[in-house]
Amino acid sequence: KSMLGNKLSTKQTVKGGVKVSKVMVAEALDIIRETYFAIVMDRGFGGPVLVGSPEGGMDIEEVAEKSPDKIFKEAVDINIGVTDEQAATMARNLGFDGQKGKQAAEEIKKLYKLFINVDATQVEINPFGETPDGRVVCFDAKINFDDNAAFRQQEIFAMDDMAESDVREVEAAKHNLNYIGMDGNIACLVNGAGLAMATMDIIKLHGGSPANFLDVGGTVTEKQVYHAFKLLTSDTQVKAILVNIFGGIVNCATIANGIVSACKEVQLSL
């Protein structure tokens, strides 16, 4: 009761925190040992990769930096899936043996099945641990889903709680725009993620502060440019707008017409 209706502020929430409207109640279990396990899509391996460490319950990046020998990786052939041998090997690398090793291997295979069935790009279990009575349990999980599979995973994407997202980013998503809000006062409208990041770097280099990352892409339409520009001008902290377009991948007339249409409606007065 003390949580509902109040704001929760963590490293993963937006600035100022988010209002708690739901509380998940789960069984409380004691943990005698914690490990880390994840399945991720890795471009370097060209498919899913099992990642594990006997050092769980902490920041895995810190473990990778200080004790890289305690990070184990196993590439998976997506056409075959996780084999019994791969699951057993990872279980051993995590420090599970005997009956608990068999349990851990079964959990790993089930997690891979979940990973494939929901079109995930990451399934992270931290901690992946054991209880005093010998059970192997996924105590906490983080799952990222492939946006390109939204049409196939409509039930999952319908659960997205937009109340926890930046309202500007929610509006941008409605028009298929790649937007991330920031705290500066110079708005950016760019095509191409690399060029967008370089534009932000240039702004910072010359003492400015970008208000956003906005990549309109190479197939952008006038209507999308219109909505993108309206989004930028609706941000009260924006004092200037920098448009940086690479004409090699989009018709500059498309960008210009969209901006003109937006300016006529919003009566731009920057």
# chains A, B, ... in the order shown; residues from 1 in each chain; ligands from 1
$ closest_atom_pairs --of "region 151-199 of chain A" --to "region 211-232 of chain A" --cutoff "6 Å" --atoms "only C-alpha atoms" --output "tab-separated table"
residue	atom	partner	partner_atom	distance
A:Leu177	CA	A:Val216	CA	5.6
A:Asn178	CA	A:Asp215	CA	5.2
A:Tyr179	CA	A:Leu214	CA	4.5
A:Ile180	CA	A:Phe213	CA	5.0
A:Gly181	CA	A:Asn212	CA	4.5
A:Met182	CA	A:Ala211	CA	4.8
A:Asp183	CA	A:Ala211	CA	5.4
A:Gly184	CA	A:Ala211	CA	4.0
A:Asn185	CA	A:Ala211	CA	4.9
A:Ile186	CA	A:Ala211	CA	5.1
A:Ala187	CA	A:Ala211	CA	4.8
A:Leu189	CA	A:Leu214	CA	5.5
A:Val190	CA	A:Asp215	CA	5.2
A:Asn191	CA	A:Gly217	CA	4.8
A:Gly192	CA	A:Gly217	CA	5.5
A:Ala193	CA	A:Asp215	CA	5.7
$ residues_around --residues "Lys7 (chain A)" --least-positions-apart "4" --cutoff "8 Å" --atoms "only C-alpha atoms" --output "list in words"
Met3, Gly17, Val18, Lys19 and Val20 of chain A
$ write_last_selection --atoms "C-alpha atoms" --output "PDB file, in the first residue's frame"
ATOM      1  CA  MET A   3       4.224   1.888  -2.778  1.00  0.00           C
ATOM      2  CA  GLY A  17      10.804   8.734 -11.286  1.00  0.00           C
ATOM      3  CA  VAL A  18       7.570   7.016 -12.325  1.00  0.00           C
ATOM      4  CA  LYS A  19       4.285   6.623 -10.483  1.00  0.00           C
ATOM      5  CA  VAL A  20       3.690   3.120  -9.128  1.00  0.00           C
TER       6      VAL A  20
END
$ closest_atom_pairs --of "region 112-179 of chain A" --to "region 100-104 of chain A" --cutoff "10 Å" --atoms "only C-alpha atoms" --output "CSV"
residue,atom,partner,partner_atom,distance
A:Phe128,CA,A:Ala104,CA,8.8
A:Gly129,CA,A:Ala104,CA,9.1
A:Glu130,CA,A:Lys100,CA,8.2
A:Gly134,CA,A:Lys100,CA,6.8
A:Arg135,CA,A:Lys100,CA,7.0
A:Val136,CA,A:Ala104,CA,6.1
A:Val137,CA,A:Ala104,CA,8.3
A:Cys138,CA,A:Ala104,CA,9.7
$ write_last_selection --atoms "N, CA and C atoms" --output "PDB file, in the first residue's frame"
ATOM      1  N   PHE A 128      20.751 -16.157 -11.263  1.00  0.00           N
ATOM      2  CA  PHE A 128      20.344 -17.518 -11.594  1.00  0.00           C
ATOM      3  C   PHE A 128      20.966 -18.350 -10.485  1.00  0.00           C
ATOM      4  N   GLY A 129      20.171 -18.677  -9.477  1.00  0.00           N
ATOM      5  CA  GLY A 129      20.781 -19.213  -8.255  1.00  0.00           C
ATOM      6  C   GLY A 129      20.137 -20.472  -7.723  1.00  0.00           C
ATOM      7  N   GLU A 130      20.583 -20.837  -6.529  1.00  0.00           N
ATOM      8  CA  GLU A 130      20.051 -22.033  -5.896  1.00  0.00           C
ATOM      9  C   GLU A 130      19.579 -21.729  -4.480  1.00  0.00           C
ATOM     10  N   GLY A 134      17.967 -26.942  -2.419  1.00  0.00           N
ATOM     11  CA  GLY A 134      18.524 -27.570  -3.613  1.00  0.00           C
ATOM     12  C   GLY A 134      17.844 -27.250  -4.927  1.00  0.00           C
ATOM     13  N   ARG A 135      16.979 -26.251  -4.948  1.00  0.00           N
ATOM     14  CA  ARG A 135      16.324 -25.888  -6.205  1.00  0.00           C
ATOM     15  C   ARG A 135      17.149 -24.859  -6.972  1.00  0.00           C
ATOM     16  N   VAL A 136      17.125 -24.956  -8.299  1.00  0.00           N
ATOM     17  CA  VAL A 136      17.762 -23.965  -9.166  1.00  0.00           C
ATOM     18  C   VAL A 136      16.646 -23.053  -9.685  1.00  0.00           C
ATOM     19  N   VAL A 137      16.783 -21.735  -9.403  1.00  0.00           N
ATOM     20  CA  VAL A 137      15.682 -20.808  -9.655  1.00  0.00           C
ATOM     21  C   VAL A 137      16.152 -19.564 -10.413  1.00  0.00           C
ATOM     22  N   CYS A 138      15.303 -19.099 -11.323  1.00  0.00           N
ATOM     23  CA  CYS A 138      15.524 -17.796 -11.980  1.00  0.00           C
ATOM     24  C   CYS A 138      14.908 -16.744 -11.060  1.00  0.00           C
TER      25      CYS A 138
END
$ atom_distance --atom1 "CA of Asp147 (chain A)" --atom2 "CA of Gly81 (chain A)"
22.0 Å
$ select_by_dssp --residues "region 58-216 of chain A" --states "strand (DSSP E or B)" --output "PyMOL selection string"
chain A and resi 72-75+120-130+136-138+141-145+178-181+186-190+210+212-215
$ write_last_selection --atoms "C-alpha atoms" --output "short mmCIF file (atom, residue, chain, number, x, y, z; two decimals), in the first residue's frame"
data_model
loop_
_atom_site.label_atom_id
_atom_site.label_comp_id
_atom_site.auth_asym_id
_atom_site.auth_seq_id
_atom_site.Cartn_x
_atom_site.Cartn_y
_atom_site.Cartn_z
CA PHE A 72 31.77 -18.09 -20.35
CA LYS A 73 30.22 -17.88 -23.83
CA GLU A 74 28.69 -20.56 -26.01
CA ALA A 75 27.46 -19.76 -29.54
CA ALA A 120 13.74 -11.84 -27.76
CA THR A 121 17.05 -10.13 -28.34
CA GLN A 122 18.07 -10.70 -24.72
CA VAL A 123 16.96 -12.87 -21.82
CA GLU A 124 19.03 -12.04 -18.74
CA ILE A 125 18.72 -13.93 -15.46
CA ASN A 126 20.52 -12.31 -12.55
CA PRO A 127 20.67 -14.01 -10.21
CA PHE A 128 20.34 -17.52 -11.59
CA GLY A 129 20.78 -19.21 -8.25
CA GLU A 130 20.05 -22.03 -5.90
CA VAL A 136 17.76 -23.97 -9.17
CA VAL A 137 15.68 -20.81 -9.65
CA CYS A 138 15.52 -17.80 -11.98
CA ALA A 141 14.84 -11.52 -15.20
CA LYS A 142 15.18 -8.87 -17.86
CA ILE A 143 13.85 -9.53 -21.36
CA ASN A 144 14.27 -7.35 -24.44
CA PHE A 145 12.04 -7.98 -27.45
CA ASN A 178 13.80 7.02 -33.82
CA TYR A 179 13.80 9.61 -31.04
CA ILE A 180 15.49 9.86 -27.65
CA GLY A 181 14.86 12.92 -25.49
CA ILE A 186 19.41 22.50 -29.44
CA ALA A 187 17.06 20.12 -31.24
CA CYS A 188 18.39 17.87 -34.01
CA LEU A 189 16.64 16.45 -37.06
CA VAL A 190 18.98 14.09 -38.90
CA PRO A 210 21.61 18.60 -27.77
CA ASN A 212 17.46 15.01 -28.54
CA PHE A 213 18.61 12.23 -30.80
CA LEU A 214 16.32 12.04 -33.84
CA ASP A 215 17.01 9.78 -36.82
#
$ atom_distance --atom1 "CA of Phe37 (chain A)" --atom2 "CA of Val51 (chain A)"
5.7 Å
$ atom_distance --atom1 "CA of Lys15 (chain A)" --atom2 "CA of Glu171 (chain A)"
17.9 Å
$ residues_around --residues "region 82-85 of chain A" --least-positions-apart "2" --cutoff "10 Å" --atoms "only C-alpha atoms" --output "MDAnalysis selection string"
chainID A and resid 48:50 74:80 87:91 102 105:106 108:113
